[in-house]
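Coordinates from query23.cif are shown below (mmCIF, C-alpha atoms and all ligand atoms).
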data_upload
loop_
_atom_site.group_PDB
_atom_site.id
_atom_site.type_symbol
_atom_site.label_atom_id
_atom_site.label_comp_id
_atom_site.auth_asym_id
_atom_site.auth_seq_id
_atom_site.Cartn_x
_atom_site.Cartn_y
_atom_site.Cartn_z
ATOM 1 C CA MET A 1285 -16.411 -3.424 18.359
ATOM 2 C CA THR A 1286 -18.073 -2.702 15.014
ATOM 3 C CA ILE A 1287 -17.789 0.174 12.580
ATOM 4 C CA THR A 1288 -21.271 1.356 13.465
ATOM 5 C CA ASP A 1289 -19.696 2.347 16.781
ATOM 6 C CA SER A 1290 -19.376 6.088 16.129
ATOM 7 C CA GLU A 1291 -15.840 6.325 17.610
ATOM 8 C CA VAL A 1292 -14.594 3.553 15.322
ATOM 9 C CA LYS A 1293 -16.204 5.157 12.293
ATOM 10 C CA ARG A 1294 -14.709 8.539 13.175
ATOM 11 C CA LYS A 1295 -11.216 7.060 13.456
ATOM 12 C CA TYR A 1296 -11.487 5.262 10.110
ATOM 13 C CA LEU A 1297 -12.643 8.517 8.501
ATOM 14 C CA GLU A 1298 -9.799 10.473 10.080
ATOM 15 C CA ALA A 1299 -7.252 7.875 8.959
ATOM 16 C CA GLY A 1300 -8.722 8.104 5.459
ATOM 17 C CA SER A 1301 -8.549 11.879 5.386
ATOM 18 C CA ILE A 1302 -4.930 11.984 6.593
ATOM 19 C CA GLY A 1303 -3.957 9.199 4.170
ATOM 20 C CA ARG A 1304 -5.548 11.025 1.236
ATOM 21 C CA ARG A 1305 -3.869 14.318 2.068
ATOM 22 C CA ALA A 1306 -0.513 12.570 2.551
ATOM 23 C CA LEU A 1307 -0.888 11.059 -0.918
ATOM 24 C CA GLU A 1308 -1.808 14.420 -2.483
ATOM 25 C CA PHE A 1309 1.193 16.010 -0.756
ATOM 26 C CA GLY A 1310 3.434 13.173 -1.963
ATOM 27 C CA LYS A 1311 2.368 13.704 -5.572
ATOM 28 C CA THR A 1312 3.669 17.281 -5.416
ATOM 29 C CA LEU A 1313 7.095 16.082 -4.208
ATOM 30 C CA VAL A 1314 7.898 13.587 -6.972
ATOM 31 C CA THR A 1315 10.057 15.565 -9.428
ATOM 32 C CA ALA A 1316 13.125 14.750 -11.531
ATOM 33 C CA GLY A 1317 16.322 14.709 -9.461
ATOM 34 C CA THR A 1318 14.564 14.374 -6.094
ATOM 35 C CA LEU A 1319 15.705 11.612 -3.742
ATOM 36 C CA LEU A 1320 13.144 8.877 -3.037
ATOM 37 C CA LEU A 1321 14.421 9.037 0.531
ATOM 38 C CA ASP A 1322 13.408 12.696 0.940
ATOM 39 C CA VAL A 1323 9.946 12.088 -0.511
ATOM 40 C CA ALA A 1324 9.255 9.095 1.751
ATOM 41 C CA GLU A 1325 10.493 10.914 4.856
ATOM 42 C CA GLN A 1326 8.454 14.032 4.094
ATOM 43 C CA ILE A 1327 5.244 12.063 3.504
ATOM 44 C CA GLU A 1328 5.701 10.094 6.731
ATOM 45 C CA SER A 1329 6.425 13.320 8.659
ATOM 46 C CA PHE A 1330 3.225 14.808 7.252
ATOM 47 C CA ILE A 1331 1.244 11.842 8.643
ATOM 48 C CA ARG A 1332 2.891 12.155 12.063
ATOM 49 C CA ASP A 1333 2.328 15.932 12.129
ATOM 50 C CA GLU A 1334 -1.377 15.261 11.565
ATOM 51 C CA GLY A 1335 -1.418 13.164 14.742
ATOM 52 C CA ALA A 1336 -1.442 9.720 13.089
ATOM 53 C CA VAL A 1337 1.298 7.188 12.286
ATOM 54 C CA PRO A 1338 1.981 5.542 8.921
ATOM 55 C CA SER A 1339 -0.009 2.296 8.395
ATOM 56 C CA PHE A 1340 3.137 0.988 6.664
ATOM 57 C CA PRO A 1341 6.343 2.499 5.216
ATOM 58 C CA VAL A 1342 5.654 4.769 2.226
ATOM 59 C CA ASN A 1343 6.087 2.674 -0.939
ATOM 60 C CA LEU A 1344 7.696 4.412 -3.933
ATOM 61 C CA SER A 1345 7.819 1.898 -6.754
ATOM 62 C CA ILE A 1346 9.124 2.864 -10.188
ATOM 63 C CA ASN A 1347 8.316 1.620 -13.743
ATOM 64 C CA ASN A 1348 8.323 -2.218 -13.706
ATOM 65 C CA GLU A 1349 8.233 -2.289 -9.899
ATOM 66 C CA ALA A 1350 4.637 -2.742 -8.724
ATOM 67 C CA ALA A 1351 5.037 -2.367 -4.971
ATOM 68 C CA HIS A 1352 7.067 -2.782 -1.799
ATOM 69 C CA TYR A 1353 10.045 -0.534 -2.395
ATOM 70 C CA SER A 1354 10.706 1.893 0.436
ATOM 71 C CA PRO A 1355 14.002 3.810 0.480
ATOM 72 C CA SER A 1356 16.745 2.604 2.830
ATOM 73 C CA PRO A 1357 18.518 4.954 5.268
ATOM 74 C CA GLY A 1358 21.008 6.834 3.067
ATOM 75 C CA ASP A 1359 19.299 5.666 -0.146
ATOM 76 C CA THR A 1360 20.725 7.517 -3.171
ATOM 77 C CA ARG A 1361 18.028 6.643 -5.744
ATOM 78 C CA LYS A 1362 16.479 9.642 -7.487
ATOM 79 C CA PHE A 1363 13.447 10.107 -9.723
ATOM 80 C CA SER A 1364 14.094 10.673 -13.440
ATOM 81 C CA THR A 1365 11.926 12.292 -16.098
ATOM 82 C CA GLY A 1366 9.556 9.716 -17.575
ATOM 83 C CA ASP A 1367 9.533 7.445 -14.511
ATOM 84 C CA VAL A 1368 6.136 5.919 -13.733
ATOM 85 C CA VAL A 1369 5.946 6.247 -9.946
ATOM 86 C CA LYS A 1370 3.449 4.494 -7.690
ATOM 87 C CA ILE A 1371 3.037 6.302 -4.352
ATOM 88 C CA ASP A 1372 1.336 4.029 -1.829
ATOM 89 C CA VAL A 1373 0.654 5.418 1.632
ATOM 90 C CA GLY A 1374 -1.705 5.066 4.578
ATOM 91 C CA ALA A 1375 -2.362 6.442 8.039
ATOM 92 C CA SER A 1376 -3.223 4.694 11.283
ATOM 93 C CA VAL A 1377 -5.401 6.415 13.874
ATOM 94 C CA ASP A 1378 -5.385 4.274 17.003
ATOM 95 C CA GLY A 1379 -4.885 1.189 14.796
ATOM 96 C CA TYR A 1380 -7.718 2.065 12.395
ATOM 97 C CA LEU A 1381 -6.034 2.113 9.009
ATOM 98 C CA SER A 1382 -6.223 3.736 5.621
ATOM 99 C CA ASP A 1383 -4.373 2.619 2.495
ATOM 100 C CA ASN A 1384 -4.331 4.578 -0.777
ATOM 101 C CA ALA A 1385 -2.191 4.910 -3.851
ATOM 102 C CA ALA A 1386 -1.806 6.864 -7.071
ATOM 103 C CA THR A 1387 0.539 6.856 -10.042
ATOM 104 C CA VAL A 1388 2.383 9.857 -11.475
ATOM 105 C CA GLU A 1389 4.680 10.249 -14.449
ATOM 106 C CA VAL A 1390 7.738 12.313 -13.542
ATOM 107 C CA GLY A 1391 7.850 15.429 -15.745
ATOM 108 C CA GLU A 1392 4.269 14.815 -16.915
ATOM 109 C CA GLN A 1393 5.112 14.388 -20.588
ATOM 110 C CA GLY A 1394 1.936 12.374 -21.028
ATOM 111 C CA LYS A 1395 3.701 9.294 -22.381
ATOM 112 C CA HIS A 1396 1.984 7.059 -19.837
ATOM 113 C CA SER A 1397 -1.321 8.915 -19.401
ATOM 114 C CA ASP A 1398 -3.398 5.991 -20.724
ATOM 115 C CA LEU A 1399 -1.716 3.570 -18.344
ATOM 116 C CA ILE A 1400 -2.340 5.920 -15.423
ATOM 117 C CA ASP A 1401 -5.950 6.612 -16.466
ATOM 118 C CA ALA A 1402 -6.633 2.877 -16.821
ATOM 119 C CA THR A 1403 -6.188 2.109 -13.117
ATOM 120 C CA ARG A 1404 -7.822 5.323 -11.950
ATOM 121 C CA GLU A 1405 -10.902 4.554 -14.035
ATOM 122 C CA ALA A 1406 -10.856 0.871 -13.062
ATOM 123 C CA LEU A 1407 -10.835 1.893 -9.401
ATOM 124 C CA ASN A 1408 -13.760 4.291 -9.844
ATOM 125 C CA ALA A 1409 -15.763 1.664 -11.734
ATOM 126 C CA ALA A 1410 -15.018 -0.970 -9.086
ATOM 127 C CA VAL A 1411 -15.985 1.332 -6.205
ATOM 128 C CA LYS A 1412 -19.402 1.875 -7.833
ATOM 129 C CA LYS A 1413 -20.040 -1.893 -7.606
ATOM 130 C CA VAL A 1414 -19.324 -2.090 -3.869
ATOM 131 C CA ARG A 1415 -22.301 -2.900 -1.650
ATOM 132 C CA PRO A 1416 -23.139 -5.618 0.878
ATOM 133 C CA GLY A 1417 -23.858 -8.894 -0.923
ATOM 134 C CA VAL A 1418 -21.871 -8.246 -4.101
ATOM 135 C CA GLN A 1419 -19.610 -11.104 -5.157
ATOM 136 C CA ILE A 1420 -15.867 -10.460 -4.988
ATOM 137 C CA ARG A 1421 -15.473 -11.752 -8.551
ATOM 138 C CA THR A 1422 -17.763 -8.939 -9.747
ATOM 139 C CA ILE A 1423 -15.340 -6.322 -8.427
ATOM 140 C CA GLY A 1424 -12.440 -8.100 -10.133
ATOM 141 C CA GLN A 1425 -14.377 -8.449 -13.369
ATOM 142 C CA GLU A 1426 -15.046 -4.710 -13.439
ATOM 143 C CA ILE A 1427 -11.360 -3.888 -12.842
ATOM 144 C CA GLY A 1428 -10.243 -6.311 -15.536
ATOM 145 C CA ARG A 1429 -12.828 -5.004 -18.004
ATOM 146 C CA VAL A 1430 -11.656 -1.383 -17.718
ATOM 147 C CA ILE A 1431 -7.919 -2.153 -17.783
ATOM 148 C CA THR A 1432 -8.290 -4.448 -20.782
ATOM 149 C CA SER A 1433 -10.363 -1.819 -22.617
ATOM 150 C CA TYR A 1434 -7.310 0.453 -22.447
ATOM 151 C CA GLY A 1435 -5.149 -2.250 -24.031
ATOM 152 C CA PHE A 1436 -3.246 -3.178 -20.846
ATOM 153 C CA ARG A 1437 -3.161 -6.300 -18.684
ATOM 154 C CA PRO A 1438 -4.454 -6.409 -15.117
ATOM 155 C CA ILE A 1439 -1.877 -7.923 -12.778
ATOM 156 C CA ARG A 1440 -3.359 -11.254 -11.766
ATOM 157 C CA ASN A 1441 -1.299 -12.023 -8.695
ATOM 158 C CA LEU A 1442 -1.817 -8.694 -6.900
ATOM 159 C CA GLY A 1443 -4.991 -7.159 -5.557
ATOM 160 C CA GLY A 1444 -7.026 -5.557 -2.832
ATOM 161 C CA HIS A 1445 -7.726 -6.850 0.642
ATOM 162 C CA GLY A 1446 -9.761 -6.635 3.800
ATOM 163 C CA ILE A 1447 -8.602 -4.274 6.558
ATOM 164 C CA LYS A 1448 -9.078 -4.704 10.273
ATOM 165 C CA ARG A 1449 -7.749 -2.884 13.283
ATOM 166 C CA ASN A 1450 -3.920 -3.099 13.175
ATOM 167 C CA ASP A 1451 -4.238 -5.628 10.362
ATOM 168 C CA LEU A 1452 -3.544 -4.270 6.865
ATOM 169 C CA HIS A 1453 -4.153 -7.468 4.903
ATOM 170 C CA SER A 1454 -6.996 -9.318 6.509
ATOM 171 C CA GLU A 1455 -9.420 -11.981 5.388
ATOM 172 C CA ILE A 1456 -10.356 -11.386 1.751
ATOM 173 C CA PHE A 1457 -8.394 -10.941 -1.498
ATOM 174 C CA ILE A 1458 -9.912 -8.722 -4.199
ATOM 175 C CA PRO A 1459 -8.513 -9.672 -7.604
ATOM 176 C CA ASN A 1460 -7.891 -7.489 -10.645
ATOM 177 C CA TYR A 1461 -9.838 -9.915 -12.857
ATOM 178 C CA ASP A 1462 -12.782 -12.326 -12.538
ATOM 179 C CA ASP A 1463 -11.247 -15.144 -10.522
ATOM 180 C CA GLY A 1464 -14.577 -16.886 -10.001
ATOM 181 C CA ASN A 1465 -14.681 -16.120 -6.270
ATOM 182 C CA GLY A 1466 -18.338 -16.194 -5.239
ATOM 183 C CA GLU A 1467 -17.677 -14.922 -1.711
ATOM 184 C CA THR A 1468 -19.538 -11.713 -0.994
ATOM 185 C CA LEU A 1469 -18.724 -8.363 0.566
ATOM 186 C CA ARG A 1470 -20.617 -7.722 3.786
ATOM 187 C CA SER A 1471 -21.652 -4.673 5.726
ATOM 188 C CA ASP A 1472 -19.378 -3.710 8.602
ATOM 189 C CA MET A 1473 -16.303 -4.431 6.475
ATOM 190 C CA VAL A 1474 -13.376 -2.208 5.506
ATOM 191 C CA ILE A 1475 -11.611 -3.065 2.258
ATOM 192 C CA ALA A 1476 -8.916 -1.680 -0.009
ATOM 193 C CA ILE A 1477 -9.403 -1.975 -3.761
ATOM 194 C CA GLU A 1478 -6.200 -1.591 -5.767
ATOM 195 C CA PRO A 1479 -6.128 -2.160 -9.515
ATOM 196 C CA PHE A 1480 -2.721 -2.665 -11.120
ATOM 197 C CA ALA A 1481 -2.322 -2.344 -14.910
ATOM 198 C CA SER A 1482 0.746 -3.471 -16.811
ATOM 199 C CA THR A 1483 2.239 -3.109 -20.278
ATOM 200 C CA GLY A 1484 3.899 -6.462 -19.583
ATOM 201 C CA ILE A 1485 2.590 -9.980 -19.002
ATOM 202 C CA GLY A 1486 0.391 -9.123 -15.997
ATOM 203 C CA MET A 1487 2.205 -11.266 -13.449
ATOM 204 C CA ILE A 1488 4.671 -10.003 -10.864
ATOM 205 C CA HIS A 1489 7.559 -11.911 -9.331
ATOM 206 C CA ASN A 1490 9.698 -11.347 -6.250
ATOM 207 C CA GLY A 1491 12.684 -9.035 -6.717
ATOM 208 C CA PRO A 1492 15.335 -8.056 -4.164
ATOM 209 C CA GLY A 1493 14.440 -6.814 -0.666
ATOM 210 C CA GLY A 1494 12.652 -3.471 -0.534
ATOM 211 C CA HIS A 1495 13.711 -2.392 2.996
ATOM 212 C CA ILE A 1496 10.264 -3.167 4.454
ATOM 213 C CA TYR A 1497 9.989 -5.745 7.240
ATOM 214 C CA ILE A 1498 7.473 -7.441 9.469
ATOM 215 C CA LEU A 1499 7.807 -9.487 12.634
ATOM 216 C CA SER A 1500 7.348 -13.113 11.631
ATOM 217 C CA GLY A 1501 8.619 -15.202 14.525
ATOM 218 C CA THR A 1502 7.361 -16.347 17.870
ATOM 219 C CA LYS A 1503 10.449 -15.979 20.047
ATOM 220 C CA ILE A 1504 10.866 -12.206 19.975
ATOM 221 C CA ARG A 1505 10.664 -10.795 23.489
ATOM 222 C CA GLN A 1506 8.012 -8.234 24.255
ATOM 223 C CA ASP A 1507 10.654 -5.859 25.607
ATOM 224 C CA GLU A 1508 12.647 -5.882 22.352
ATOM 225 C CA PRO A 1509 12.490 -2.508 20.575
ATOM 226 C CA LEU A 1510 11.019 -3.995 17.387
ATOM 227 C CA TYR A 1511 8.174 -5.614 19.298
ATOM 228 C CA ARG A 1512 7.449 -2.512 21.341
ATOM 229 C CA ASN A 1513 7.410 -0.236 18.271
ATOM 230 C CA PHE A 1514 6.154 -2.327 15.370
ATOM 231 C CA ASN A 1515 4.109 -5.222 16.683
ATOM 232 C CA THR A 1516 1.942 -6.634 13.815
ATOM 233 C CA VAL A 1517 2.516 -3.731 11.382
ATOM 234 C CA PRO A 1518 5.072 -3.513 8.560
ATOM 235 C CA PHE A 1519 8.061 -1.286 9.340
ATOM 236 C CA ALA A 1520 10.873 0.395 7.413
ATOM 237 C CA GLN A 1521 14.600 -0.140 7.777
ATOM 238 C CA ARG A 1522 14.685 3.670 8.121
ATOM 239 C CA TRP A 1523 12.487 3.505 11.227
ATOM 240 C CA VAL A 1524 14.716 0.906 12.882
ATOM 241 C CA ALA A 1525 17.761 3.053 12.082
ATOM 242 C CA LYS A 1526 16.186 5.901 14.066
ATOM 243 C CA ILE A 1527 15.873 3.866 17.254
ATOM 244 C CA MET A 1528 19.002 1.639 17.025
ATOM 245 C CA PRO A 1529 22.510 2.637 15.914
ATOM 246 C CA ASP A 1530 23.445 -0.991 15.106
ATOM 247 C CA TYR A 1531 20.242 -1.615 13.107
ATOM 248 C CA GLU A 1532 21.984 -3.444 10.243
ATOM 249 C CA GLN A 1533 23.555 -6.151 12.413
ATOM 250 C CA TYR A 1534 20.431 -6.389 14.543
ATOM 251 C CA LEU A 1535 18.127 -6.873 11.538
ATOM 252 C CA SER A 1536 20.402 -9.454 9.892
ATOM 253 C CA ARG A 1537 20.510 -11.379 13.163
ATOM 254 C CA MET A 1538 16.714 -11.280 13.494
ATOM 255 C CA ILE A 1539 16.253 -12.350 9.857
ATOM 256 C CA ARG A 1540 18.639 -15.305 10.330
ATOM 257 C CA ALA A 1541 16.642 -16.274 13.427
ATOM 258 C CA LYS A 1542 13.431 -16.029 11.329
ATOM 259 C CA GLU A 1543 12.010 -13.509 13.781
ATOM 260 C CA VAL A 1544 11.851 -10.823 11.064
ATOM 261 C CA SER A 1545 11.019 -11.134 7.339
ATOM 262 C CA GLU A 1546 11.860 -8.660 4.615
ATOM 263 C CA PHE A 1547 9.283 -8.052 1.872
ATOM 264 C CA PRO A 1548 10.707 -8.454 -1.626
ATOM 265 C CA VAL A 1549 10.019 -5.777 -4.232
ATOM 266 C CA LEU A 1550 7.178 -7.040 -6.444
ATOM 267 C CA LYS A 1551 8.086 -6.497 -10.082
ATOM 268 C CA GLU A 1552 7.307 -7.272 -13.704
ATOM 269 C CA HIS A 1553 9.902 -8.037 -16.373
ATOM 270 C CA ARG A 1554 12.379 -5.376 -17.473
ATOM 271 C CA GLY A 1555 11.032 -2.776 -19.893
ATOM 272 C CA SER A 1556 7.429 -3.012 -18.690
ATOM 273 C CA TYR A 1557 5.494 -0.263 -16.960
ATOM 274 C CA ILE A 1558 2.913 -0.607 -14.189
ATOM 275 C CA SER A 1559 0.316 1.785 -12.787
ATOM 276 C CA GLN A 1560 -1.726 1.455 -9.598
ATOM 277 C CA ALA A 1561 -4.646 3.272 -7.977
ATOM 278 C CA GLU A 1562 -6.085 2.484 -4.550
ATOM 279 C CA HIS A 1563 -8.803 3.574 -2.140
ATOM 280 C CA THR A 1564 -9.971 2.388 1.272
ATOM 281 C CA ILE A 1565 -13.713 1.746 1.457
ATOM 282 C CA MET A 1566 -15.975 1.322 4.455
ATOM 283 C CA ILE A 1567 -19.068 -0.827 3.829
ATOM 284 C CA LEU A 1568 -21.983 -0.103 6.147
ATOM 285 C CA SER A 1569 -25.490 -1.544 5.951
ATOM 286 C CA ASP A 1570 -26.934 1.688 4.575
ATOM 287 C CA GLU A 1571 -23.969 3.370 2.891
ATOM 288 C CA VAL A 1572 -20.574 2.842 1.266
ATOM 289 C CA ILE A 1573 -17.946 5.421 2.182
ATOM 290 C CA VAL A 1574 -14.636 5.865 0.372
ATOM 291 C CA THR A 1575 -12.569 7.015 3.351
ATOM 292 C CA THR A 1576 -9.665 8.160 1.167
ATOM 293 C CA ALA A 1577 -11.761 10.129 -1.356
HETATM 294 MN MN MN A 1601 -1.532 0.374 -0.601
HETATM 295 MN MN MN A 1602 -3.429 -2.127 -0.133
#
Go through the file and emit its structure as structure tokens.
Amino acid sequence: MTITDSEVKRKYLEAGSIGRRALEFGKTLVTAGTLLLDVAEQIESFIRDEGAVPSFPVNLSINNEAAHYSPSPGDTRKFSTGDVVKIDVGASVDGYLSDNAATVEVGEQGKHSDLIDATREALNAAVKKVRPGVQIRTIGQEIGRVITSYGFRPIRNLGGHGIKRNDLHSEIFIPNYDDGNGETLRSDMVIAIEPFASTGIGMIHNGPGGHIYILSGTKIRQDEPLYRNFNTVPFAQRWVAKIMPDYEQYLSRMIRAKEVSEFPVLKEHRGSYISQAEHTIMILSDEVIVTTA
């Protein structure tokens, strides 16, 4: 099955459209005093109401957090004025995925406008370079050039990725700087490009768990609820809570048995701020389509 198959192309485009609208909707919800939990749940409901399912739990990462925080069931965290919030969201239509992200400053005082513009512009510049045959390092170089021109650092150990059916992070890694990778982009590929800019050192480390999990073992039975519901795709603690009353004990047991892994929050040092922008891009032999534009 290739993308030139019109059904496959249609599903990628639909996933992109739903993902983009979910992100736009999410941006309107992030206000001072609002619970992260309510925002995540509303965005995911939007995706389901459109007839898709989330590609992964909505990520709401604040200030020095780059990615991989999704509210827990009963989470009490709220947005505050001045927070730099990365909203990262995607939709799956029959396993064909979209993945997009944007950064907003709560209260829009404009204190972090440059940081937010840096990744948005880096993304646009990088997208213009995408075509079959271009080296991956060229994309990274373009991202790094724009972010650096704003006086920020690209995050070196985060980046974009290939996307395949039911596989959010497949094959290639697209860096935020020129990493020397001479591999090329090809037609019939779907990729996500996601620049991250930081006021800090430009390297993230693993923080505490962010309530996002993935099946990681081999012994899980196919009739187990996690397998039936979330095979191969990342899932939220909130989603498990909705299908199992004893989700906490169940998840700890599965983690101890190494059947389930929890993603850590990816973060920079305290006091730094990070912005992110992301699009999903379909590369065909005769055209490049940003599915989330
Ligand atoms: Mn993303
Ligand atoms: Mn991504």
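A distance search around ligand MN 1601 (chain A) (6 Å at most, only C-alpha atoms and all ligand atoms) returns the following protein and nucleic acid residues: Asp1372, Val1373, Asp1383, Asn1384 and Ala1385 of chain A.
Residues within 9 Å of Lys1542 of chain A, counting only C-alpha atoms and excluding same-chain residues fewer than 6 positions away, are Leu1499, Ser1500, Gly1501 and Thr1502 of chain A.
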Taking (11.1, 0.2, -9.5) as a centre in this file's frame and 12 Å as the limit, can you find every polymer residue with an atom that close, using all atoms listed in the file, and give them as a ChimeraX atom specification?
/A:1320,1343-1355,1361-1364,1367-1371,1491-1494,1548-1559
Close residues to ligand MN 1602 (chain A) using only C-alpha atoms and all ligand atoms, limit 10 Å, as a PyMOL selection string
chain A and resi 1340+1351+1372-1374+1382-1385+1442-1447+1452-1453+1475-1479+1561-1564
Measuring atom to atom with all atoms listed in the file, identify which of A:Ser1545, A:Gln1393, A:Thr1483, A:Asn1450 is nearest to Arg1437 of chain A.
A:Thr1483
